[in-house]
>>> print(open('my_file.pdb').read())   # PDB, C-alpha atoms, pLDDT in the B column
ATOM      1  CA  MET A   1     -11.911  -6.387  -8.476  1.00 49.00           C
ATOM      2  CA  ASN A   2     -10.186  -3.428 -10.095  1.00 61.00           C
ATOM      3  CA  ASP A   3      -9.417  -0.832  -7.411  1.00 71.00           C
ATOM      4  CA  SER A   4      -8.244   1.585 -10.116  1.00 74.00           C
ATOM      5  CA  ALA A   5     -11.637   1.948 -11.780  1.00 76.00           C
ATOM      6  CA  GLY A   6     -12.718   5.567 -12.162  1.00 86.00           C
ATOM      7  CA  LEU A   7      -9.268   7.038 -11.544  1.00 93.00           C
ATOM      8  CA  SER A   8      -7.454   9.353 -13.950  1.00 96.00           C
ATOM      9  CA  PRO A   9      -5.299   7.470 -16.470  1.00 97.00           C
ATOM     10  CA  ILE A  10      -1.577   7.601 -15.761  1.00 98.00           C
ATOM     11  CA  PRO A  11       0.321   9.412 -18.554  1.00 98.00           C
ATOM     12  CA  TRP A  12       2.725   6.558 -19.223  1.00 98.00           C
ATOM     13  CA  ARG A  13       5.481   6.984 -21.794  1.00 97.00           C
ATOM     14  CA  TYR A  14       6.070   3.658 -23.519  1.00 96.00           C
ATOM     15  CA  VAL A  15       9.617   2.701 -24.459  1.00 94.00           C
ATOM     16  CA  ASP A  16      10.368  -0.365 -26.593  1.00 91.00           C
ATOM     17  CA  LEU A  17      13.993  -1.400 -26.132  1.00 84.00           C
ATOM     18  CA  ASP A  18      14.099  -4.389 -28.478  1.00 81.00           C
ATOM     19  CA  LEU A  19      13.514  -7.278 -26.030  1.00 83.00           C
ATOM     20  CA  LEU A  20      12.575  -4.973 -23.145  1.00 90.00           C
ATOM     21  CA  GLU A  21       9.264  -3.124 -22.758  1.00 95.00           C
ATOM     22  CA  VAL A  22       9.190  -0.244 -20.281  1.00 97.00           C
ATOM     23  CA  TRP A  23       6.506   2.224 -19.203  1.00 98.00           C
ATOM     24  CA  LEU A  24       7.672   5.473 -17.583  1.00 98.00           C
ATOM     25  CA  TRP A  25       5.737   8.065 -15.569  1.00 98.00           C
ATOM     26  CA  GLU A  26       7.986  11.069 -14.987  1.00 97.00           C
ATOM     27  CA  THR A  27       7.126  14.128 -12.881  1.00 97.00           C
ATOM     28  CA  SER A  28       9.109  16.750 -10.972  1.00 96.00           C
ATOM     29  CA  HIS A  29       8.603  14.726  -7.768  1.00 97.00           C
ATOM     30  CA  PHE A  30       9.174  11.103  -8.806  1.00 98.00           C
ATOM     31  CA  GLU A  31       9.853   8.665 -11.594  1.00 98.00           C
ATOM     32  CA  ALA A  32       7.758   5.489 -11.791  1.00 98.00           C
ATOM     33  CA  LYS A  33       8.652   2.582 -14.040  1.00 97.00           C
ATOM     34  CA  VAL A  34       6.999  -0.690 -15.037  1.00 97.00           C
ATOM     35  CA  THR A  35       9.068  -3.278 -16.885  1.00 97.00           C
ATOM     36  CA  ALA A  36       7.644  -6.333 -18.652  1.00 95.00           C
ATOM     37  CA  GLU A  37       9.396  -9.564 -17.640  1.00 91.00           C
ATOM     38  CA  PRO A  38       8.813 -13.117 -18.936  1.00 90.00           C
ATOM     39  CA  ASN A  39       6.282 -14.114 -16.259  1.00 88.00           C
ATOM     40  CA  SER A  40       5.558 -10.900 -14.371  1.00 91.00           C
ATOM     41  CA  PHE A  41       5.819  -7.121 -14.392  1.00 94.00           C
ATOM     42  CA  ALA A  42       8.431  -5.346 -12.243  1.00 95.00           C
ATOM     43  CA  TRP A  43       7.526  -1.901 -10.930  1.00 96.00           C
ATOM     44  CA  GLU A  44       9.467   0.712  -9.000  1.00 96.00           C
ATOM     45  CA  VAL A  45       9.183   4.312  -7.843  1.00 97.00           C
ATOM     46  CA  GLY A  46      12.161   6.647  -7.490  1.00 97.00           C
ATOM     47  CA  ASP A  47      11.879   9.885  -5.507  1.00 97.00           C
ATOM     48  CA  LEU A  48      13.093  13.201  -6.903  1.00 96.00           C
ATOM     49  CA  VAL A  49      12.112  15.437  -3.965  1.00 95.00           C
ATOM     50  CA  VAL A  50      15.187  14.171  -2.110  1.00 92.00           C
ATOM     51  CA  SER A  51      17.219  12.829  -5.017  1.00 88.00           C
ATOM     52  CA  ASN A  52      20.688  11.361  -5.429  1.00 89.00           C
ATOM     53  CA  ASP A  53      22.512  14.179  -7.207  1.00 89.00           C
ATOM     54  CA  GLY A  54      19.531  14.744  -9.479  1.00 87.00           C
ATOM     55  CA  GLN A  55      18.881  11.040 -10.065  1.00 93.00           C
ATOM     56  CA  PRO A  56      15.804   9.288  -8.651  1.00 94.00           C
ATOM     57  CA  ARG A  57      16.336   7.880  -5.154  1.00 95.00           C
ATOM     58  CA  TRP A  58      14.841   4.376  -4.981  1.00 94.00           C
ATOM     59  CA  LEU A  59      11.664   4.548  -2.912  1.00 94.00           C
ATOM     60  CA  THR A  60      10.033   1.148  -3.310  1.00 95.00           C
ATOM     61  CA  GLY A  61       9.197  -1.497  -5.859  1.00 95.00           C
ATOM     62  CA  GLY A  62       7.985  -5.020  -6.440  1.00 94.00           C
ATOM     63  CA  ARG A  63       6.523  -7.455  -8.946  1.00 91.00           C
ATOM     64  CA  ALA A  64       2.992  -8.129 -10.113  1.00 93.00           C
ATOM     65  CA  VAL A  65       1.343 -10.765 -12.248  1.00 91.00           C
ATOM     66  CA  ASP A  66       0.107  -8.297 -14.876  1.00 93.00           C
ATOM     67  CA  PHE A  67       0.443  -4.661 -15.943  1.00 95.00           C
ATOM     68  CA  ALA A  68      -2.833  -3.632 -14.279  1.00 94.00           C
ATOM     69  CA  ALA A  69      -1.659  -4.887 -10.887  1.00 93.00           C
ATOM     70  CA  ALA A  70       1.727  -3.171 -11.296  1.00 95.00           C
ATOM     71  CA  GLU A  71       0.020   0.091 -12.234  1.00 97.00           C
ATOM     72  CA  GLU A  72      -2.285  -0.187  -9.220  1.00 96.00           C
ATOM     73  CA  ALA A  73       0.726  -0.665  -6.927  1.00 95.00           C
ATOM     74  CA  VAL A  74       2.303   2.491  -8.377  1.00 97.00           C
ATOM     75  CA  ARG A  75      -0.909   4.448  -7.828  1.00 97.00           C
ATOM     76  CA  GLU A  76      -1.060   3.348  -4.188  1.00 96.00           C
ATOM     77  CA  VAL A  77       2.570   4.242  -3.462  1.00 97.00           C
ATOM     78  CA  ILE A  78       2.260   7.676  -5.082  1.00 97.00           C
ATOM     79  CA  GLY A  79      -0.971   8.414  -3.245  1.00 97.00           C
ATOM     80  CA  LYS A  80       0.522   7.516   0.135  1.00 97.00           C
ATOM     81  CA  SER A  81       3.993   8.970  -0.369  1.00 97.00           C
ATOM     82  CA  TYR A  82       3.248  12.501  -1.592  1.00 97.00           C
ATOM     83  CA  PRO A  83       1.151  15.333  -0.085  1.00 94.00           C
ATOM     84  CA  VAL A  84      -2.310  15.980  -1.475  1.00 92.00           C
ATOM     85  CA  ARG A  85      -1.201  19.468  -2.559  1.00 95.00           C
ATOM     86  CA  TYR A  86       1.032  17.875  -5.218  1.00 96.00           C
ATOM     87  CA  GLY A  87      -2.129  16.931  -7.098  1.00 96.00           C
ATOM     88  CA  TYR A  88      -1.676  13.174  -7.514  1.00 97.00           C
ATOM     89  CA  GLY A  89      -4.856  12.309  -5.647  1.00 95.00           C
ATOM     90  CA  ARG A  90      -6.803  11.879  -8.890  1.00 96.00           C
ATOM     91  CA  TYR A  91      -4.505   8.996  -9.820  1.00 97.00           C
ATOM     92  CA  ALA A  92      -4.648   7.262  -6.421  1.00 97.00           C
ATOM     93  CA  GLY A  93      -8.189   7.853  -5.138  1.00 95.00           C
ATOM     94  CA  HIS A  94      -9.092   5.559  -2.261  1.00 95.00           C
ATOM     95  CA  LEU A  95      -5.882   3.556  -2.801  1.00 96.00           C
ATOM     96  CA  ALA A  96      -4.111   6.333  -0.853  1.00 96.00           C
ATOM     97  CA  THR A  97      -6.173   5.539   2.245  1.00 96.00           C
ATOM     98  CA  THR A  98      -6.627   1.765   1.869  1.00 95.00           C
ATOM     99  CA  PHE A  99      -4.413  -0.489   3.984  1.00 95.00           C
ATOM    100  CA  VAL A 100      -3.970  -4.150   4.908  1.00 92.00           C
ATOM    101  CA  VAL A 101      -5.215  -4.451   8.505  1.00 93.00           C
ATOM    102  CA  ALA A 102      -4.607  -7.128  11.136  1.00 92.00           C
ATOM    103  CA  SER A 103      -7.107  -9.592   9.628  1.00 90.00           C
ATOM    104  CA  GLY A 104      -5.317  -9.537   6.277  1.00 89.00           C
ATOM    105  CA  GLN A 105      -8.176  -7.614   4.684  1.00 90.00           C
ATOM    106  CA  ARG A 106      -7.766  -4.316   2.868  1.00 92.00           C
ATOM    107  CA  MET A 107      -9.717  -1.551   4.592  1.00 94.00           C
ATOM    108  CA  ASP A 108     -10.343   1.983   3.361  1.00 95.00           C
ATOM    109  CA  LEU A 109      -9.715   4.325   6.299  1.00 95.00           C
ATOM    110  CA  GLY A 110     -10.451   7.419   4.225  1.00 94.00           C
ATOM    111  CA  PRO A 111     -14.043   7.868   5.498  1.00 94.00           C
ATOM    112  CA  PHE A 112     -12.656   8.340   9.029  1.00 94.00           C
ATOM    113  CA  HIS A 113     -10.186  11.088   8.144  1.00 94.00           C
ATOM    114  CA  GLY A 114     -11.014  14.175  10.218  1.00 93.00           C
ATOM    115  CA  THR A 115     -13.648  12.374  12.294  1.00 94.00           C
ATOM    116  CA  ARG A 116     -13.825  10.909  15.798  1.00 93.00           C
ATOM    117  CA  ALA A 117     -13.724   7.123  15.883  1.00 94.00           C
ATOM    118  CA  LEU A 118     -13.060   4.076  18.030  1.00 94.00           C
ATOM    119  CA  VAL A 119      -9.942   2.259  16.816  1.00 95.00           C
ATOM    120  CA  THR A 120      -9.285  -1.256  18.103  1.00 95.00           C
ATOM    121  CA  VAL A 121      -5.621  -2.245  17.909  1.00 95.00           C
ATOM    122  CA  ARG A 122      -3.929  -5.641  18.341  1.00 93.00           C
ATOM    123  CA  MET A 123      -1.284  -5.007  20.988  1.00 91.00           C
ATOM    124  CA  PRO A 124       1.981  -6.920  21.540  1.00 86.00           C
ATOM    125  CA  GLY A 125       1.044 -10.131  23.317  1.00 86.00           C
ATOM    126  CA  GLY A 126      -2.212 -10.526  21.401  1.00 87.00           C
ATOM    127  CA  ALA A 127      -4.606  -8.428  23.522  1.00 92.00           C
ATOM    128  CA  ASP A 128      -6.842  -5.866  21.823  1.00 93.00           C
ATOM    129  CA  GLN A 129      -7.086  -2.273  23.038  1.00 92.00           C
ATOM    130  CA  THR A 130      -9.531   0.398  21.891  1.00 92.00           C
ATOM    131  CA  PHE A 131      -8.630   4.076  21.464  1.00 90.00           C
ATOM    132  CA  LEU A 132     -11.078   6.962  21.002  1.00 93.00           C
ATOM    133  CA  GLY A 133     -10.046  10.133  19.228  1.00 94.00           C
ATOM    134  CA  ARG A 134      -9.941  12.172  16.049  1.00 94.00           C
ATOM    135  CA  CYS A 135      -8.413  10.323  13.108  1.00 95.00           C
ATOM    136  CA  ALA A 136      -6.111  11.558  10.380  1.00 95.00           C
ATOM    137  CA  ILE A 137      -4.450   9.601   7.570  1.00 96.00           C
ATOM    138  CA  HIS A 138      -0.827  10.637   7.162  1.00 95.00           C
ATOM    139  CA  HIS A 139       1.081   8.761   4.479  1.00 95.00           C
ATOM    140  CA  TYR A 140       1.314   5.168   5.765  1.00 96.00           C
ATOM    141  CA  GLU A 141      -0.037   5.734   9.277  1.00 96.00           C
ATOM    142  CA  LEU A 142      -3.255   6.502  11.100  1.00 97.00           C
ATOM    143  CA  LEU A 143      -2.825   9.389  13.547  1.00 96.00           C
ATOM    144  CA  LEU A 144      -5.250   9.291  16.468  1.00 95.00           C
ATOM    145  CA  THR A 145      -5.623  12.339  18.718  1.00 95.00           C
ATOM    146  CA  PRO A 146      -7.610  11.630  21.906  1.00 91.00           C
ATOM    147  CA  ASP A 147      -9.508  14.372  23.742  1.00 83.00           C
ATOM    148  CA  THR A 148      -6.759  14.365  26.332  1.00 79.00           C
ATOM    149  CA  GLY A 149      -3.320  12.904  25.907  1.00 77.00           C
ATOM    150  CA  GLN A 150      -0.594  12.559  23.333  1.00 87.00           C
ATOM    151  CA  GLN A 151      -1.249  11.770  19.686  1.00 91.00           C
ATOM    152  CA  VAL A 152      -0.835   8.080  18.886  1.00 92.00           C
ATOM    153  CA  LYS A 153       0.650   6.810  15.599  1.00 94.00           C
ATOM    154  CA  ILE A 154      -0.917   3.525  14.546  1.00 95.00           C
ATOM    155  CA  GLN A 155       0.404   1.247  11.845  1.00 94.00           C
ATOM    156  CA  PRO A 156      -2.662   0.003   9.926  1.00 95.00           C
ATOM    157  CA  SER A 157      -1.426  -3.601   9.967  1.00 93.00           C
ATOM    158  CA  TYR A 158      -2.191  -3.634  13.725  1.00 95.00           C
ATOM    159  CA  ILE A 159      -5.768  -2.342  13.360  1.00 96.00           C
ATOM    160  CA  VAL A 160      -8.523  -4.820  14.207  1.00 95.00           C
ATOM    161  CA  ALA A 161     -11.528  -2.533  13.651  1.00 94.00           C
ATOM    162  CA  VAL A 162     -12.501   1.105  13.226  1.00 95.00           C
ATOM    163  CA  THR A 163     -15.957   2.348  14.210  1.00 93.00           C
ATOM    164  CA  GLY A 164     -17.202   5.908  13.852  1.00 87.00           C
ATOM    165  CA  GLU A 165     -19.193   7.579  16.604  1.00 74.00           C
ATOM    166  CA  ASN A 166     -22.319   7.047  14.508  1.00 69.00           C
ATOM    167  CA  GLY A 167     -21.626   3.306  14.395  1.00 69.00           C
ATOM    168  CA  ALA A 168     -20.299   3.261  10.834  1.00 68.00           C
ATOM    169  CA  LYS A 169     -17.518   0.795  10.145  1.00 73.00           C
ATOM    170  CA  GLY A 170     -14.755   0.956   7.572  1.00 68.00           C
ATOM    171  CA  PRO A 171     -15.375  -0.976   4.341  1.00 66.00           C
ATOM    172  CA  ALA A 172     -13.105  -3.963   3.889  1.00 62.00           C
ATOM    173  CA  HIS A 173     -12.270  -6.100   0.883  1.00 61.00           C
ATOM    174  CA  SER A 174     -11.891  -9.860   1.168  1.00 48.00           C
ATOM    175  CA  ARG A 175      -8.386 -11.119   1.809  1.00 46.00           C
ATOM    176  CA  SER A 176      -6.579 -13.435  -0.604  1.00 43.00           C
ATOM    177  CA  SER A 177      -7.457 -17.049   0.227  1.00 43.00           C
ATOM    178  CA  PHE A 178      -5.172 -20.016   0.840  1.00 46.00           C
ATOM    179  CA  ALA A 179      -4.876 -22.170  -2.282  1.00 43.00           C
ATOM    180  CA  GLY A 180      -4.477 -25.379  -0.264  1.00 39.00           C
ATOM    181  CA  VAL A 181      -0.934 -26.232  -1.388  1.00 45.00           C
ATOM    182  CA  GLY A 182       2.271 -25.320   0.473  1.00 51.00           C
ATOM    183  CA  ARG A 183       2.490 -21.538   0.981  1.00 63.00           C
ATOM    184  CA  ILE A 184       0.547 -20.654  -2.146  1.00 66.00           C
ATOM    185  CA  TYR A 185      -2.301 -18.141  -1.975  1.00 68.00           C
ATOM    186  CA  LYS A 186      -4.843 -16.989  -4.516  1.00 66.00           C
ATOM    187  CA  GLY A 187      -4.607 -13.338  -5.518  1.00 72.00           C
ATOM    188  CA  LYS A 188      -2.066 -10.819  -6.750  1.00 73.00           C
ATOM    189  CA  VAL A 189       1.215  -9.549  -5.348  1.00 78.00           C
ATOM    190  CA  VAL A 190       0.594  -6.279  -3.500  1.00 77.00           C
ATOM    191  CA  ARG A 191       2.810  -3.817  -1.641  1.00 75.00           C
ATOM    192  CA  GLY A 192       4.294  -5.437   1.469  1.00 75.00           C
ATOM    193  CA  CYS A 193       3.925  -9.000   0.164  1.00 80.00           C
ATOM    194  CA  THR A 194       7.144 -11.043   0.234  1.00 80.00           C
ATOM    195  CA  GLY A 195       5.860 -13.634  -2.219  1.00 79.00           C
ATOM    196  CA  SER A 196       6.175 -13.810  -5.982  1.00 81.00           C
ATOM    197  CA  PRO A 197       3.754 -14.617  -8.825  1.00 79.00           C
ATOM    198  CA  GLY A 198       3.097 -18.357  -8.927  1.00 69.00           C
ATOM    199  CA  PHE A 199       3.211 -20.719 -11.864  1.00 56.00           C
ATOM    200  CA  LEU A 200      -0.582 -20.830 -12.068  1.00 55.00           C
ATOM    201  CA  PRO A 201      -2.526 -17.648 -12.950  1.00 58.00           C
ATOM    202  CA  ASP A 202      -3.653 -15.458 -10.050  1.00 64.00           C
ATOM    203  CA  THR A 203      -1.516 -17.226  -7.439  1.00 71.00           C
ATOM    204  CA  ILE A 204       1.280 -16.096  -5.130  1.00 76.00           C
ATOM    205  CA  GLU A 205       4.060 -18.386  -3.876  1.00 75.00           C
ATOM    206  CA  HIS A 206       5.931 -17.735  -0.628  1.00 72.00           C
ATOM    207  CA  SER A 207       9.247 -18.929   0.786  1.00 69.00           C
ATOM    208  CA  GLY A 208      11.382 -17.695   3.662  1.00 65.00           C
ATOM    209  CA  PRO A 209       9.977 -15.507   6.494  1.00 68.00           C
ATOM    210  CA  PRO A 210       6.185 -15.243   7.002  1.00 70.00           C
ATOM    211  CA  CYS A 211       4.468 -12.755   4.695  1.00 75.00           C
ATOM    212  CA  GLN A 212       2.869  -9.872   6.595  1.00 70.00           C
ATOM    213  CA  VAL A 213       0.122  -9.581   3.982  1.00 72.00           C
ATOM    214  CA  HIS A 214      -0.969 -13.194   3.523  1.00 67.00           C
ATOM    215  CA  GLU A 215       0.424 -14.771   6.701  1.00 61.00           C
ATOM    216  CA  ALA A 216      -0.118 -11.972   9.197  1.00 54.00           C
ATOM    217  CA  SER A 217       0.876 -12.795  12.783  1.00 39.00           C
ATOM    218  CA  VAL A 218       0.776 -10.982  16.116  1.00 29.00           C
ATOM    219  CA  PRO A 219       2.757  -7.745  15.711  1.00 34.00           C
ATOM    220  CA  ARG A 220       6.078  -7.248  17.416  1.00 32.00           C
ATOM    221  CA  THR A 221       6.650  -4.745  20.162  1.00 29.00           C
ATOM    222  CA  ALA A 222       6.799  -1.272  18.649  1.00 33.00           C
ATOM    223  CA  GLU A 223       8.960   1.660  19.553  1.00 34.00           C
ATOM    224  CA  GLY A 224       7.651   4.504  21.661  1.00 35.00           C
ATOM    225  CA  ARG A 225       3.962   5.249  21.217  1.00 42.00           C
ATOM    226  CA  ARG A 226       3.788   3.535  17.834  1.00 44.00           C
ATOM    227  CA  VAL A 227       1.481   0.504  17.892  1.00 45.00           C
TER     228      VAL A 227
END
>>> encode(input="my_file.pdb", output="structure tokens")
Amino acid sequence: MNDSAGLSPIPWRYVDLDLLEVWLWETSHFEAKVTAEPNSFAWEVGDLVVSNDGQPRWLTGGRAVDFAAAEEAVREVIGKSYPVRYGYGRYAGHLATTFVVASGQRMDLGPFHGTRALVTVRMPGGADQTFLGRCAIHHYELLLTPDTGQQVKIQPSYIVAVTGENGAKGPAHSRSSFAGVGRIYKGKVVRGCTGSPGFLPDTIEHSGPPCQVHEASVPRTAEGRRV
């Protein structure tokens, strides 16, 4: 499924450096770059709002199996990292409000922005707790303001379910499935994944620590009111 369908095309500037192909998206706020590699595409975003002496400050990056997946990762990062008033929403669309939740699925929390909802969260220790309040999406977090009490910041990766007061639930996309061999999963490398494109098409190989996207486990104790 192409999550970028219907979004405004990114004004890439293509640069052919002999054996190196690079696509650049340059604005007054950031510089995004996709580089073609032998078996994957590397992507990165550098911030210019708080730069390093006028040079882009590395924000985030990763690798994807094809250009479309790398471009989609860039769209998601830009949509979540910069305020709506900057005007990049047309490039990100629902990617700006779609997150990997506790089940490993990708859920669009956008429909709940500005509404009251029940949010079930996986707490440290494995127990689930439900919060009721008004939701707001702020960059990479869900802010929940109850009728009484202090605002709670929730990391989407801890969310089990979100239900609106009218009973509506957030749409979720199927998670990448286990390929049946070692720590190889079917799908594409996305933001937060610690794996790398596998030898076979549309596969991701993992080594080292568990991947929070494809091998999600019970979250660790969080600081303060962050859950």
>>> closest_residue(input="my_file.pdb", among="A:Gly46, A:Gly104, A:Gly79, A:Gly187", to="Leu7 in chain A", atoms="all atoms listed in the file")
A:Gly79
>>> resolve_selection(input="my_file.pdb", expression="the PyMOL selection byres ((chain A and resi 161) around 9)", output="ChimeraX atom specification")
/A:101-102,118-121,130,159-160,162-163,169-170
>>> residues_around(input="my_file.pdb", residues="Gln151 in chain A", least_positions_apart="6", cutoff="9 Å", atoms="only C-alpha atoms", output="PyMOL selection string")
chain A and resi 133+143-145+225
>>> resolve_selection(input="my_file.pdb", expression="the PyMOL selection byres ((chain A and resi 48) around 10)", output="PyMOL selection string")
chain A and resi 26-31+45-47+49-59
>>> resolve_selection(input="my_file.pdb", expression="the PyMOL selection byres ((chain A and resi 41) around 7)", output="PyMOL selection string")
chain A and resi 34-37+40+42-43+63-67+70
>>> atom_distance(input="my_file.pdb", atom1="CA of Glu165 in chain A", atom2="CA of Tyr82 in chain A")
29.3 Å
>>> closest_residue(input="my_file.pdb", among="A:Pro11, A:Pro38, A:Gly110, A:Pro156", to="Glu141 in chain A", atoms="only C-alpha atoms")
A:Pro156
>>> atom_distance(input="my_file.pdb", atom1="CA of Val190 in chain A", atom2="CA of Gln105 in chain A")
12.1 Å
>>> atom_distance(input="my_file.pdb", atom1="CA of Pro197 in chain A", atom2="CA of Ala5 in chain A")
22.8 Å
>>> closest_residue(input="my_file.pdb", among="A:His206, A:Arg75, A:His113, A:His138", to="Ser8 in chain A", atoms="only C-alpha atoms")
A:Arg75
>>> closest_residue(input="my_file.pdb", among="A:Ile204, A:Leu142, A:Ala69, A:Ile10", to="Tyr91 in chain A", atoms="all atoms listed in the file")
A:Ile10
>>> closest_residue(input="my_file.pdb", among="A:Cys135, A:Leu95, A:Val74, A:Ala127", to="Trp23 in chain A", atoms="only C-alpha atoms")
A:Val74
>>> closest_residue(input="my_file.pdb", among="A:Gly192, A:Pro9, A:Pro146, A:Gly87", to="Cys211 in chain A", atoms="all atoms listed in the file")
A:Gly192
>>> residues_around(input="my_file.pdb", residues="Tyr140 in chain A", least_positions_apart="6", cutoff="9 Å", atoms="all atoms listed in the file", output="list in words")
Lys80, Ser81, Ala96, Thr97, Phe99, Gln155 and Pro156 of chain A
>>> residues_around(input="my_file.pdb", residues="Val100 in chain A", least_positions_apart="6", cutoff="7 Å", atoms="only C-alpha atoms", output="mmCIF file with C-alpha atoms, in the coordinates of the input")
data_model
loop_
_atom_site.group_PDB
_atom_site.id
_atom_site.type_symbol
_atom_site.label_atom_id
_atom_site.label_comp_id
_atom_site.auth_asym_id
_atom_site.auth_seq_id
_atom_site.Cartn_x
_atom_site.Cartn_y
_atom_site.Cartn_z
ATOM 1 C CA ARG A 106 -7.766 -4.316 2.868
ATOM 2 C CA MET A 107 -9.717 -1.551 4.592
ATOM 3 C CA PRO A 156 -2.662 0.003 9.926
ATOM 4 C CA SER A 157 -1.426 -3.601 9.967
ATOM 5 C CA VAL A 213 0.122 -9.581 3.982
#
>>> decode(input="my_file.pdb", residues="range 36-49 of chain A", atoms="N, CA, C and O atoms", output="PDB file, in the first residue's frame")
ATOM      1  N   ALA A  36      20.965   7.064  -3.749  1.00  0.00           N
ATOM      2  CA  ALA A  36      20.865   5.696  -4.261  1.00  0.00           C
ATOM      3  C   ALA A  36      22.127   4.933  -3.893  1.00  0.00           C
ATOM      4  O   ALA A  36      23.244   5.392  -4.143  1.00  0.00           O
ATOM      5  N   GLU A  37      21.939   3.750  -3.277  1.00  0.00           N
ATOM      6  CA  GLU A  37      23.049   2.868  -2.931  1.00  0.00           C
ATOM      7  C   GLU A  37      22.863   1.551  -3.684  1.00  0.00           C
ATOM      8  O   GLU A  37      21.799   1.314  -4.278  1.00  0.00           O
ATOM      9  N   PRO A  38      23.844   0.672  -3.679  1.00  0.00           N
ATOM     10  CA  PRO A  38      23.745  -0.560  -4.482  1.00  0.00           C
ATOM     11  C   PRO A  38      22.483  -1.381  -4.238  1.00  0.00           C
ATOM     12  O   PRO A  38      21.867  -1.868  -5.172  1.00  0.00           O
ATOM     13  N   ASN A  39      22.089  -1.550  -2.966  1.00  0.00           N
ATOM     14  CA  ASN A  39      20.938  -2.402  -2.667  1.00  0.00           C
ATOM     15  C   ASN A  39      19.857  -1.703  -1.858  1.00  0.00           C
ATOM     16  O   ASN A  39      18.952  -2.361  -1.342  1.00  0.00           O
ATOM     17  N   SER A  40      19.950  -0.400  -1.716  1.00  0.00           N
ATOM     18  CA  SER A  40      18.956   0.331  -0.929  1.00  0.00           C
ATOM     19  C   SER A  40      19.064   1.819  -1.235  1.00  0.00           C
ATOM     20  O   SER A  40      19.884   2.237  -2.055  1.00  0.00           O
ATOM     21  N   PHE A  41      18.222   2.593  -0.596  1.00  0.00           N
ATOM     22  CA  PHE A  41      18.248   4.046  -0.722  1.00  0.00           C
ATOM     23  C   PHE A  41      18.403   4.652   0.673  1.00  0.00           C
ATOM     24  O   PHE A  41      17.600   4.370   1.562  1.00  0.00           O
ATOM     25  N   ALA A  42      19.454   5.455   0.868  1.00  0.00           N
ATOM     26  CA  ALA A  42      19.669   6.133   2.145  1.00  0.00           C
ATOM     27  C   ALA A  42      18.944   7.477   2.109  1.00  0.00           C
ATOM     28  O   ALA A  42      18.948   8.167   1.086  1.00  0.00           O
ATOM     29  N   TRP A  43      18.302   7.822   3.224  1.00  0.00           N
ATOM     30  CA  TRP A  43      17.610   9.110   3.290  1.00  0.00           C
ATOM     31  C   TRP A  43      17.984   9.796   4.604  1.00  0.00           C
ATOM     32  O   TRP A  43      18.322   9.147   5.596  1.00  0.00           O
ATOM     33  N   GLU A  44      17.958  11.119   4.585  1.00  0.00           N
ATOM     34  CA  GLU A  44      18.251  11.875   5.793  1.00  0.00           C
ATOM     35  C   GLU A  44      17.608  13.255   5.709  1.00  0.00           C
ATOM     36  O   GLU A  44      17.323  13.757   4.617  1.00  0.00           O
ATOM     37  N   VAL A  45      17.345  13.824   6.873  1.00  0.00           N
ATOM     38  CA  VAL A  45      16.773  15.163   6.969  1.00  0.00           C
ATOM     39  C   VAL A  45      17.645  15.985   7.895  1.00  0.00           C
ATOM     40  O   VAL A  45      17.966  15.558   9.009  1.00  0.00           O
ATOM     41  N   GLY A  46      18.071  17.156   7.432  1.00  0.00           N
ATOM     42  CA  GLY A  46      18.862  18.072   8.240  1.00  0.00           C
ATOM     43  C   GLY A  46      18.055  19.329   8.539  1.00  0.00           C
ATOM     44  O   GLY A  46      17.433  19.903   7.631  1.00  0.00           O
ATOM     45  N   ASP A  47      18.057  19.772   9.775  1.00  0.00           N
ATOM     46  CA  ASP A  47      17.261  20.920  10.194  1.00  0.00           C
ATOM     47  C   ASP A  47      18.026  22.225  10.008  1.00  0.00           C
ATOM     48  O   ASP A  47      19.222  22.308  10.296  1.00  0.00           O
ATOM     49  N   LEU A  48      17.317  23.241   9.515  1.00  0.00           N
ATOM     50  CA  LEU A  48      17.919  24.559   9.332  1.00  0.00           C
ATOM     51  C   LEU A  48      17.317  25.607  10.264  1.00  0.00           C
ATOM     52  O   LEU A  48      17.806  26.728  10.320  1.00  0.00           O
ATOM     53  N   VAL A  49      16.263  25.237  11.000  1.00  0.00           N
ATOM     54  CA  VAL A  49      15.670  26.173  11.964  1.00  0.00           C
ATOM     55  C   VAL A  49      16.663  26.436  13.090  1.00  0.00           C
ATOM     56  O   VAL A  49      16.879  27.574  13.511  1.00  0.00           O
TER      57      VAL A  49
END
